[in-house]
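J.: Here's a structure for you.
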Amino acid sequence: PVAILRSEPNTLVRDRGYLGIVLKIEGCLGRMEFHGEEVTIGCGAGLSTMIREAAAIGLGGIECLVGIPATVGGALAMNAGTHDGAIWDFVSAVYFLHADGTIGELKPAPGFTYRAFALPTGAILLGVRIQLHRKPQKEILAEIRGRLKQKKATQPLALAAVGCVWKNPHYDQVAKLIEE
């Protein structure tokens, strides 16, 4: 079996280890290139890094994803988002590696919903093309600051990553259980 290890710092592994192959998505899969109003980005790159670098060159439209602690691949796999939008709202194409070593491309289609994205069996996410929009840099940065301020006021930093990864059981909160 193959497990994908992205760049999450809080990875839990059972005491007996993992019987299989672990692939870490980094290196060239952490790069991004801007072409006009699109960015082609590897799945190992940070979502916040992409948003910041886009803003630095006057490209926005994805500010609703600010503050989501994820790699681009993790955000895609979960169709991460907020009440304002999700990452799939901005996707032009997704690239992946089939189990047989060939490269596949997936175009967005209706029906992608929050935390419901599936690749072909055995496939590994490689990268994505995301549509951005030219906006005044000042406007983009103001929106980013406002969203981060709101997030900081309503979501304690200690719970940020935990709440976005696991579903709470009916009897408690995951963050509390992990802390204990």
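Quick note on naming: the chains in the structure tokens go A, B, ... in the order shown, residues restart at 1 in each chain, and ligands are numbered from 1 in order of appearance.
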Give me, as JSON, numbers by chain, all polymer residues having an atom no more than 6 Å from stretch 41-53 of chain A, counting only C-alpha atoms and skipping those fewer than 2 positions away in the same chain.
T.: {"A": [25, 26, 29, 30, 31, 32, 55, 56, 70, 71, 72, 73, 126, 127, 128]}
J.: Would you save the residues from that selection as a PDB file, in the first residue's frame, using N, CA and C atoms?
T.:
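out.pdb, written as the output of this step:
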```
ATOM      1  N   ILE A  25       5.240  14.402  -0.722  1.00  0.00           N
ATOM      2  CA  ILE A  25       4.995  15.317  -1.841  1.00  0.00           C
ATOM      3  C   ILE A  25       5.716  16.638  -1.548  1.00  0.00           C
ATOM      4  N   GLU A  26       6.838  16.878  -2.236  1.00  0.00           N
ATOM      5  CA  GLU A  26       7.601  18.109  -2.060  1.00  0.00           C
ATOM      6  C   GLU A  26       8.458  18.336  -3.294  1.00  0.00           C
ATOM      7  N   LEU A  29       6.989  19.337  -6.767  1.00  0.00           N
ATOM      8  CA  LEU A  29       5.543  19.354  -6.529  1.00  0.00           C
ATOM      9  C   LEU A  29       5.150  20.425  -5.513  1.00  0.00           C
ATOM     10  N   GLY A  30       6.118  21.247  -5.138  1.00  0.00           N
ATOM     11  CA  GLY A  30       5.843  22.374  -4.258  1.00  0.00           C
ATOM     12  C   GLY A  30       6.021  23.706  -4.961  1.00  0.00           C
ATOM     13  N   ARG A  31       6.218  23.665  -6.272  1.00  0.00           N
ATOM     14  CA  ARG A  31       6.447  24.889  -7.042  1.00  0.00           C
ATOM     15  C   ARG A  31       5.153  25.436  -7.632  1.00  0.00           C
ATOM     16  N   MET A  32       5.243  26.701  -8.080  1.00  0.00           N
ATOM     17  CA  MET A  32       4.106  27.307  -8.769  1.00  0.00           C
ATOM     18  C   MET A  32       4.615  28.231  -9.858  1.00  0.00           C
ATOM     19  N   ALA A  55      -1.240  37.463  -4.559  1.00  0.00           N
ATOM     20  CA  ALA A  55      -1.541  38.834  -4.129  1.00  0.00           C
ATOM     21  C   ALA A  55      -0.381  39.778  -4.436  1.00  0.00           C
ATOM     22  N   ALA A  56       0.839  39.280  -4.293  1.00  0.00           N
ATOM     23  CA  ALA A  56       2.025  40.108  -4.524  1.00  0.00           C
ATOM     24  C   ALA A  56       2.123  40.595  -5.962  1.00  0.00           C
ATOM     25  N   ALA A  70      -3.492  24.223   4.891  1.00  0.00           N
ATOM     26  CA  ALA A  70      -3.418  23.039   4.027  1.00  0.00           C
ATOM     27  C   ALA A  70      -2.415  23.240   2.908  1.00  0.00           C
ATOM     28  N   THR A  71      -1.957  22.128   2.363  1.00  0.00           N
ATOM     29  CA  THR A  71      -1.262  22.174   1.091  1.00  0.00           C
ATOM     30  C   THR A  71      -2.346  22.294   0.021  1.00  0.00           C
ATOM     31  N   VAL A  72      -1.949  22.620  -1.175  1.00  0.00           N
ATOM     32  CA  VAL A  72      -2.908  22.695  -2.267  1.00  0.00           C
ATOM     33  C   VAL A  72      -3.540  21.314  -2.491  1.00  0.00           C
ATOM     34  N   GLY A  73      -2.726  20.260  -2.430  1.00  0.00           N
ATOM     35  CA  GLY A  73      -3.254  18.902  -2.601  1.00  0.00           C
ATOM     36  C   GLY A  73      -4.249  18.529  -1.519  1.00  0.00           C
ATOM     37  N   LEU A 126      -0.858  15.451  -8.402  1.00  0.00           N
ATOM     38  CA  LEU A 126       0.419  16.082  -8.725  1.00  0.00           C
ATOM     39  C   LEU A 126       0.336  17.595  -8.693  1.00  0.00           C
ATOM     40  N   GLY A 127      -0.670  18.153  -9.362  1.00  0.00           N
ATOM     41  CA  GLY A 127      -0.777  19.601  -9.449  1.00  0.00           C
ATOM     42  C   GLY A 127      -2.135  20.035  -9.931  1.00  0.00           C
ATOM     43  N   VAL A 128      -2.288  21.349 -10.042  1.00  0.00           N
ATOM     44  CA  VAL A 128      -3.586  21.914 -10.397  1.00  0.00           C
ATOM     45  C   VAL A 128      -3.368  23.262 -11.082  1.00  0.00           C
TER      46      VAL A 128
END
```
J.: Can you tell me, as a ChimeraX atom specification, which residues in chain A count as helix (DSSP H, G or I) by DSSP?
T.: /A:27-30,47-56,63-65,72-78,87-90,137-154,157-165,174-179
J.: For the strand (DSSP E) assignment from backbone DSSP, which residues of stretch 34-180 of chain A qualify? Please present them as a PyMOL selection string.
T.: chain A and resi 34-35+38-42+59-60+81-82+85-86+91-97+103-106+124-131+133-134
J.: Between A:Leu59, A:Ala3, A:Ile124, A:Leu19, single out the one closest to A:Phe34, counting only C-alpha atoms.
T.: A:Leu59
